[in-house]
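Data from input_22.cif: mmCIF, C-alpha atoms
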```cif
data_final
#
loop_
_atom_site.label_atom_id
_atom_site.label_comp_id
_atom_site.auth_asym_id
_atom_site.auth_seq_id
_atom_site.Cartn_x
_atom_site.Cartn_y
_atom_site.Cartn_z
CA MET A 1 67.14 106.80 159.97
CA LYS A 2 68.57 110.28 160.09
CA HIS A 3 70.27 111.61 163.17
CA SER A 4 71.25 115.20 163.74
CA PHE A 5 74.82 116.09 164.52
CA GLN A 6 75.33 116.77 168.20
CA SER A 7 77.80 118.74 170.21
CA LEU A 8 79.57 116.67 172.82
CA PRO A 9 81.54 117.77 175.85
CA SER A 10 84.69 116.34 174.27
CA GLU A 11 84.31 118.13 170.95
CA ARG A 12 84.49 121.76 169.89
CA ARG A 13 82.15 121.26 166.94
CA PRO A 14 79.07 119.12 166.31
CA ARG A 15 79.81 115.53 165.32
CA PRO A 16 77.89 112.67 163.73
CA ILE A 17 76.16 110.96 166.62
CA VAL A 18 73.91 107.93 166.46
CA PRO A 19 71.89 107.02 169.55
CA VAL A 20 72.44 103.36 170.36
CA ARG A 21 71.64 100.97 173.17
CA PHE A 22 73.02 97.75 174.48
CA THR A 23 70.12 95.34 174.17
CA ALA A 24 70.82 94.16 177.70
CA LEU A 25 70.57 97.74 179.01
CA PRO A 26 67.36 98.84 177.28
CA ARG A 27 66.74 101.86 179.50
CA LEU A 28 70.02 103.56 178.61
CA THR A 29 70.57 105.42 175.38
CA LEU A 30 74.21 106.03 174.54
CA PHE A 31 75.92 108.66 172.45
CA GLY A 32 77.56 106.73 169.63
CA LEU A 33 80.19 108.80 167.85
CA VAL A 34 80.41 107.68 164.23
CA ASP A 35 84.14 107.38 163.60
CA SER A 36 85.44 105.88 160.37
CA GLY A 37 88.95 106.25 161.78
CA ALA A 38 88.23 103.72 164.51
CA VAL A 39 88.96 100.12 163.62
CA GLY A 40 86.01 98.87 165.64
CA VAL A 41 83.51 99.68 168.33
CA ARG A 42 85.20 100.99 171.44
CA ALA A 43 83.56 101.65 174.78
CA ASP A 44 84.38 102.55 178.35
CA TRP A 45 85.09 99.68 180.73
CA ASP A 46 82.11 100.64 182.85
CA TYR A 47 79.76 99.38 180.14
CA ALA A 48 81.25 95.89 180.43
CA ASP A 49 80.79 96.09 184.18
CA ALA A 50 77.16 97.17 183.78
CA LEU A 51 76.59 94.40 181.25
CA GLY A 52 78.11 91.81 183.57
CA ILE A 53 80.79 90.87 181.05
CA ASP A 54 83.84 89.16 182.52
CA LEU A 55 86.89 90.46 180.69
CA SER A 56 89.52 88.68 182.75
CA ASP A 57 90.33 86.20 179.95
CA ALA A 58 89.35 88.45 177.06
CA LYS A 59 91.55 88.88 174.00
CA GLN A 60 93.41 92.16 174.11
CA VAL A 61 94.26 94.54 171.30
CA SER A 62 96.16 97.78 171.44
CA GLY A 63 95.40 101.02 169.69
CA ALA A 64 95.39 104.77 170.07
CA VAL A 65 92.78 107.51 170.24
CA ARG A 66 93.82 111.14 169.97
CA GLY A 67 97.41 110.02 170.33
CA ILE A 68 96.80 108.17 173.59
CA ASN A 69 97.60 104.47 173.59
CA TYR A 70 95.11 102.03 175.02
CA VAL A 71 94.51 98.33 175.48
CA ALA A 72 91.03 97.14 174.57
CA TYR A 73 89.55 93.94 175.96
CA LEU A 74 87.29 92.33 173.38
CA ALA A 75 83.89 90.84 174.03
CA GLU A 76 80.70 90.45 172.06
CA ALA A 77 77.53 92.34 172.88
CA GLU A 78 74.29 93.08 171.11
CA LEU A 79 73.48 96.65 170.15
CA THR A 80 70.48 98.39 168.66
CA VAL A 81 70.01 101.81 167.15
CA SER A 82 67.49 103.67 169.27
CA ARG A 83 64.00 103.79 167.83
CA SER A 84 64.98 101.03 165.43
CA ALA A 85 64.21 97.35 165.46
CA HIS A 86 67.59 96.53 163.96
CA ARG A 87 69.86 94.63 166.31
CA TRP A 88 73.32 93.36 165.69
CA THR A 89 76.00 91.59 167.65
CA CYS A 90 79.57 92.74 167.35
CA GLU A 91 82.91 92.59 169.06
CA ILE A 92 83.47 95.59 171.29
CA GLY A 93 86.74 96.76 172.74
CA PHE A 94 86.27 97.80 176.35
CA ILE A 95 88.89 100.22 177.61
CA ARG A 96 89.71 101.27 181.14
CA ASN A 97 89.35 105.00 181.84
CA PHE A 98 88.52 105.50 178.19
CA GLY A 99 87.46 109.12 178.55
CA GLU A 100 85.68 108.96 175.20
CA HIS A 101 82.15 108.37 174.06
CA LEU A 102 81.16 105.09 172.50
CA LEU A 103 83.08 104.97 169.23
CA LEU A 104 81.31 103.35 166.29
CA GLY A 105 84.09 102.25 163.96
CA ILE A 106 84.63 100.06 160.92
CA ASP A 107 84.27 96.57 162.42
CA GLY A 108 80.94 96.33 164.17
CA PHE A 109 79.29 99.43 162.76
CA PHE A 110 80.37 100.44 159.27
CA ASP A 111 80.24 96.78 158.27
CA GLN A 112 76.65 96.68 159.50
CA PHE A 113 75.25 99.91 158.10
CA VAL A 114 75.43 102.06 155.03
CA VAL A 115 76.42 105.36 156.59
CA ARG A 116 75.84 108.67 154.87
CA ILE A 117 77.16 111.76 156.60
CA ASP A 118 75.99 115.13 155.32
CA ALA A 119 78.12 117.62 157.23
CA ALA A 120 76.55 120.55 155.39
CA LYS A 121 73.14 119.56 156.70
CA LEU A 122 74.58 118.29 159.96
CA ASP A 123 72.90 114.92 159.76
CA THR A 124 73.86 111.27 159.56
CA GLN A 125 71.78 108.62 157.88
CA VAL A 126 72.28 104.97 158.75
CA THR A 127 70.62 102.11 156.90
CA PRO A 128 71.20 98.44 157.68
CA SER A 129 73.51 97.09 155.01
CA PRO A 130 72.13 94.31 152.83
CA ARG A 131 75.64 92.87 152.85
CA ARG A 132 76.30 93.26 156.53
CA ALA A 133 78.90 91.12 158.21
CA GLY A 134 77.66 87.90 159.71
CA THR A 135 74.65 87.57 157.42
CA MET B 1 48.81 127.11 181.17
CA THR B 2 45.50 125.64 182.18
CA THR B 3 43.78 124.14 185.15
CA SER B 4 41.70 121.98 182.87
CA PRO B 5 42.84 118.38 182.72
CA VAL B 6 45.61 117.60 180.23
CA MET B 7 46.50 114.40 178.44
CA LEU B 8 49.60 112.56 179.56
CA ALA B 9 51.58 110.04 177.49
CA VAL B 10 52.01 106.57 179.02
CA VAL B 11 54.36 103.88 177.77
CA ASP B 12 52.58 101.06 175.93
CA SER B 13 49.17 102.54 176.63
CA ASP B 14 46.78 105.24 175.53
CA PRO B 15 47.27 108.74 176.97
CA ILE B 16 45.48 109.38 180.24
CA GLU B 17 43.88 112.46 181.75
CA LEU B 18 45.72 114.32 184.49
CA SER B 19 44.04 117.04 186.54
CA HIS B 20 45.41 119.87 188.66
CA ASP B 21 43.44 118.71 191.67
CA ALA B 22 44.72 115.13 191.40
CA VAL B 23 48.31 116.40 191.47
CA VAL B 24 47.68 118.64 194.48
CA SER B 25 45.94 115.80 196.27
CA ALA B 26 48.86 113.47 195.58
CA ALA B 27 51.29 116.06 196.93
CA GLN B 28 49.38 116.34 200.19
CA SER B 29 50.17 112.74 201.00
CA ALA B 30 53.76 112.81 199.72
CA GLN B 31 57.00 113.87 201.35
CA PRO B 32 58.48 117.03 199.80
CA GLY B 33 62.15 117.18 198.90
CA THR B 34 64.56 119.98 198.17
CA ARG B 35 64.50 122.19 195.11
CA SER B 36 66.61 120.82 192.26
CA ASN B 37 66.46 120.53 188.47
CA GLY B 38 63.14 119.16 187.31
CA MET B 39 61.42 119.16 190.70
CA VAL B 40 57.88 120.49 190.72
CA GLU B 41 56.53 122.96 193.26
CA ILE B 42 53.19 122.24 194.89
CA GLU B 43 51.98 124.62 197.56
CA GLY B 44 55.49 125.59 198.62
CA GLY B 45 56.99 122.10 198.60
CA TRP B 46 59.22 120.54 195.93
CA PHE B 47 58.37 117.07 194.65
CA ASP B 48 59.79 114.46 192.30
CA PRO B 49 57.55 114.81 189.23
CA LEU B 50 57.44 111.17 188.24
CA ALA B 51 56.65 109.92 191.73
CA LEU B 52 54.01 112.59 192.16
CA VAL B 53 52.28 112.05 188.85
CA SER B 54 52.51 108.31 189.27
CA ARG B 55 50.53 108.68 192.48
CA ALA B 56 48.13 111.23 191.00
CA ALA B 57 47.38 109.23 187.89
CA GLY B 58 47.60 105.74 189.35
CA VAL B 59 50.26 104.72 186.85
CA GLU B 60 53.62 103.13 187.56
CA ALA B 61 56.38 105.73 187.35
CA ARG B 62 58.38 103.56 184.96
CA ARG B 63 55.57 103.93 182.42
CA LEU B 64 55.82 107.72 182.44
CA SER B 65 58.01 109.84 180.23
CA PHE B 66 60.02 112.38 182.20
CA ARG B 67 59.69 115.10 179.60
CA SER B 68 56.01 114.52 178.91
CA THR B 69 55.32 114.51 182.63
CA LEU B 70 57.06 117.85 183.08
CA LYS B 71 55.16 119.27 180.13
CA ALA B 72 51.86 118.12 181.56
CA LEU B 73 52.66 119.61 184.97
CA HIS B 74 53.72 122.86 183.32
CA ARG B 75 50.46 123.07 181.40
CA LEU B 76 48.57 122.50 184.62
CA GLY B 77 50.22 125.64 185.95
CA PHE B 78 52.84 124.20 188.26
CA GLU B 79 56.35 125.61 188.51
CA ILE B 80 59.20 123.32 187.57
CA ALA B 81 62.69 124.11 188.80
CA ASP B 82 65.28 125.16 186.23
CA PHE B 83 63.47 123.91 183.19
CA ASP B 84 62.41 126.14 180.34
CA LEU B 85 59.41 124.59 178.69
CA ALA B 86 58.66 127.47 176.36
CA ALA B 87 59.96 125.55 173.37
CA GLU B 88 57.67 122.69 174.23
CA ALA B 89 54.52 124.79 174.33
CA THR B 90 53.40 123.93 170.84
CA ARG B 91 53.83 120.20 171.29
CA SER B 92 51.09 117.88 172.44
CA ASP B 93 51.36 116.42 175.92
CA ALA B 94 50.30 113.13 174.46
CA SER B 95 52.96 113.09 171.75
CA PRO B 96 54.83 109.80 171.25
CA ILE B 97 56.78 108.55 174.22
CA THR B 98 59.84 107.97 172.05
CA GLU B 99 60.57 111.69 171.97
CA ASP B 100 62.47 111.26 175.21
CA LEU B 101 65.07 109.27 173.35
CA ASP B 102 66.16 112.38 171.50
CA PHE B 103 69.49 113.83 172.44
CA VAL B 104 69.23 117.44 173.45
CA LEU B 105 72.71 118.68 174.09
CA THR B 106 72.03 122.39 173.89
CA PRO B 107 74.72 124.90 174.79
CA GLN B 108 73.02 125.30 178.16
CA VAL B 109 73.25 121.55 178.79
CA MET B 110 76.87 121.52 177.69
CA THR B 111 77.65 124.28 180.15
CA ARG B 112 75.93 122.42 182.98
CA LEU B 113 77.80 119.23 182.09
CA GLN B 114 81.11 120.91 182.85
CA ARG B 115 80.27 120.61 186.53
CA TYR B 116 80.39 116.83 186.19
CA ARG B 117 83.77 116.24 184.57
CA GLY B 118 84.86 112.66 185.04
CA GLU B 119 81.38 111.57 186.12
CA TRP B 120 78.63 109.59 184.48
CA VAL B 121 75.57 111.70 183.80
CA ALA B 122 72.00 110.76 182.91
CA LEU B 123 69.91 113.07 180.76
CA SER B 124 66.22 113.18 180.04
CA GLY B 125 65.51 115.71 177.35
CA GLU B 126 67.49 118.75 178.43
CA MET B 127 67.55 117.75 182.08
CA ILE B 128 70.48 116.29 183.98
CA ILE B 129 68.54 113.91 186.18
CA GLU B 130 71.33 111.95 187.89
CA HIS B 131 75.10 111.74 188.09
CA SER B 132 77.58 109.37 189.68
CA ASP B 133 81.19 108.18 189.62
CA THR B 134 80.37 104.86 187.97
CA LEU B 135 77.84 103.70 185.43
CA ARG B 136 76.66 100.95 187.73
CA ALA B 137 75.95 103.45 190.51
CA LEU B 138 74.20 105.72 188.04
CA MET B 139 71.96 102.85 186.98
CA GLU B 140 71.04 102.22 190.60
CA LEU B 141 70.08 105.88 190.98
CA LEU B 142 68.00 105.75 187.82
CA GLY B 143 66.09 102.68 188.84
CA GLU B 144 63.35 102.06 186.31
CA ARG B 145 63.76 105.37 184.53
CA THR B 146 65.03 105.67 180.98
CA ALA B 147 67.78 108.13 180.16
CA ALA B 148 70.55 109.05 177.80
CA VAL B 149 73.88 108.54 179.52
CA LEU B 150 77.40 109.72 178.93
CA LYS B 151 80.65 110.06 180.76
CA VAL B 152 81.75 113.67 180.86
CA PRO B 153 85.39 113.87 179.78
CA THR B 154 87.89 115.35 182.17
CA ASP B 155 89.84 117.00 179.36
CA ASP B 156 88.95 120.15 177.49
CA PRO B 157 87.33 119.57 174.10
CA LEU B 158 89.56 119.05 171.07
#
```

Turn this file's structure into structure tokens for me.
Amino acid sequence: MKHSFQSLPSERRPRPIVPVRFTALPRLTLFGLVDSGAVGVRADWDYADALGIDLSDAKQVSGAVRGINYVAYLAEAELTVSRSAHRWTCEIGFIRNFGEHLLLGIDGFFDQFVVRIDAAKLDTQVTPSPRRAGT
Amino acid sequence: MTTSPVMLAVVDSDPIELSHDAVVSAAQSAQPGTRSNGMVEIEGGWFDPLALVSRAAGVEARRLSFRSTLKALHRLGFEIADFDLAAEATRSDASPITEDLDFVLTPQVMTRLQRYRGEWVALSGEMIIEHSDTLRALMELLGERTAAVLKVPTDDPL
């Protein structure tokens, strides 16, 4: 599926955005920022709260976004690309006061989809990978 | 605009007919609210479009698309607060319900979002339909409605 670049409040120029949903929150469509510089999928802590995920004993990893260090608490959740039947489960790093949109990084997104970004046309095409992780 | 009935998209069902008179009749037995984005004016009062059309059409509000409902009301000649439907004029009112999943972050929406820095915001089409400090609270406000959600950053864009 192709998805048009979108401007976001955090960005000065349009970015590759893929609309995704947590399967457990089917009424909410999220702005997934395709980010090959992110090691995995990263999301605001509030999503874990809304999903009812207990992160008190979750494995923690550290990282940085835009030069700001963070600690991500890892938990698995199932996602789907909006208007697609494709679902996948991946490890997501939930971060307190993240201040960013849902980041779709290497582990959990790029290892699930073949991603083609055409910045000249301002669109992003994602196709489920035949070699996706976990299959 | 027309006062002839229009077709209205319904989730998991065929489109249904919606008439001007049915909407006015529904408004007469509903409690008006205050004017805000996306509210529809009926005889001087402002009403929640989904609740009103749900009553008028006899369909659960959760099975109605916010954007398609506004388009149908617009075509029936009603005024809708702060929503420019000119770009929608060529589309069918009964077009697929999935269109509401599209992200429409126009420059106008981006400007309006600046008012909500640090908050969670729910969008339907180009409309900001709810906002709150937490996602959980936003979900409570949304109830059965579908929406695109995001947290508006507190920082200036990079």

Between A:Gly52, A:Pro19, A:Gly32, A:Pro128, smallest distance to Arg83 in chain A by only C-alpha atoms belongs to A:Pro19

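For the choices A:Glu11, A:Asp111, A:Asp123, A:Asp54, the atom-to-atom distance to chain B is smallest for A:Glu11 when using all atoms listed in the file.
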
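Nearest residue to Ala122 in chain B among B:Gln108, B:Ala147, B:Ala56, B:Arg63 is B:Ala147, counting all atoms listed in the file.
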
Would you tabulate, counting only C-alpha atoms, all residues of chain A that have an atom at most 10 Å from an atom of chain B, showing the closest pair of atoms and their distance in Å to one decimal, sorted by chain then ascending number, as a Markdown table?
```
| residue | atom | partner | partner_atom | distance |
| --- | --- | --- | --- | --- |
| A:His3 | CA | B:Asp102 | CA | 9.3 |
| A:Ser4 | CA | B:Phe103 | CA | 9.0 |
| A:Phe5 | CA | B:Phe103 | CA | 9.8 |
| A:Gln6 | CA | B:Leu105 | CA | 6.7 |
| A:Ser7 | CA | B:Leu105 | CA | 6.4 |
| A:Leu8 | CA | B:Leu105 | CA | 7.3 |
| A:Pro9 | CA | B:Met110 | CA | 6.3 |
| A:Ser10 | CA | B:Pro157 | CA | 4.2 |
| A:Glu11 | CA | B:Pro157 | CA | 4.6 |
| A:Arg12 | CA | B:Pro157 | CA | 5.5 |
| A:Arg13 | CA | B:Leu158 | CA | 8.8 |
| A:Ile17 | CA | B:Phe103 | CA | 9.3 |
| A:Val18 | CA | B:Phe103 | CA | 9.5 |
| A:Pro19 | CA | B:Phe103 | CA | 7.8 |
| A:Val20 | CA | B:Ala148 | CA | 9.6 |
| A:Arg21 | CA | B:Ala148 | CA | 9.4 |
| A:Leu25 | CA | B:Met139 | CA | 9.6 |
| A:Pro26 | CA | B:Thr146 | CA | 8.1 |
| A:Arg27 | CA | B:Thr146 | CA | 4.4 |
| A:Leu28 | CA | B:Ala147 | CA | 5.3 |
| A:Thr29 | CA | B:Ala148 | CA | 4.4 |
| A:Leu30 | CA | B:Val149 | CA | 5.6 |
| A:Phe31 | CA | B:Leu150 | CA | 6.7 |
| A:Gly32 | CA | B:Leu150 | CA | 9.8 |
| A:Asp44 | CA | B:Lys151 | CA | 8.7 |
| A:Trp45 | CA | B:Leu135 | CA | 9.5 |
| A:Asp46 | CA | B:Leu135 | CA | 5.9 |
| A:Tyr47 | CA | B:Leu135 | CA | 7.1 |
| A:Ala48 | CA | B:Leu135 | CA | 9.9 |
| A:Asp49 | CA | B:Arg136 | CA | 7.3 |
| A:Ala50 | CA | B:Arg136 | CA | 5.5 |
| A:Leu51 | CA | B:Arg136 | CA | 9.2 |
| A:Arg66 | CA | B:Leu158 | CA | 9.1 |
| A:Ser82 | CA | B:Leu101 | CA | 7.3 |
| A:Arg83 | CA | B:Thr98 | CA | 7.3 |
| A:Asn97 | CA | B:Gly118 | CA | 9.4 |
| A:Phe98 | CA | B:Pro153 | CA | 9.1 |
| A:Gly99 | CA | B:Pro153 | CA | 5.3 |
| A:Glu100 | CA | B:Pro153 | CA | 6.7 |
| A:His101 | CA | B:Leu150 | CA | 6.9 |
| A:Leu102 | CA | B:Leu150 | CA | 8.8 |
```

Need the shell around Lys121 in chain A: protein/DNA/RNA residues with any atom at most 12 Å away, counting only C-alpha atoms. Skip same-chain ones fewer than 4 positions apart. Format as a PyMOL selection string? chain A and resi 2-5+14-16+116-117+125

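CA of Phe113 in chain A to CA of Val61 in chain A spans 23.8 Å [interatomic distance, one decimal].
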
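Interatomic distance, CA of Val126 in chain A against CA of Thr23 in chain A: 18.3 Å.
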
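In this comparison, which uses only C-alpha atoms, the residue of B:Gly33, B:Pro5, B:Pro49, B:Gly77 approaching Leu64 in chain B most closely is B:Pro49.
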
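Distances from B:Phe78, B:Thr34, B:Arg67, B:Gly44 to Asp21 in chain B were compared using only C-alpha atoms, and the smallest one belongs to B:Phe78.
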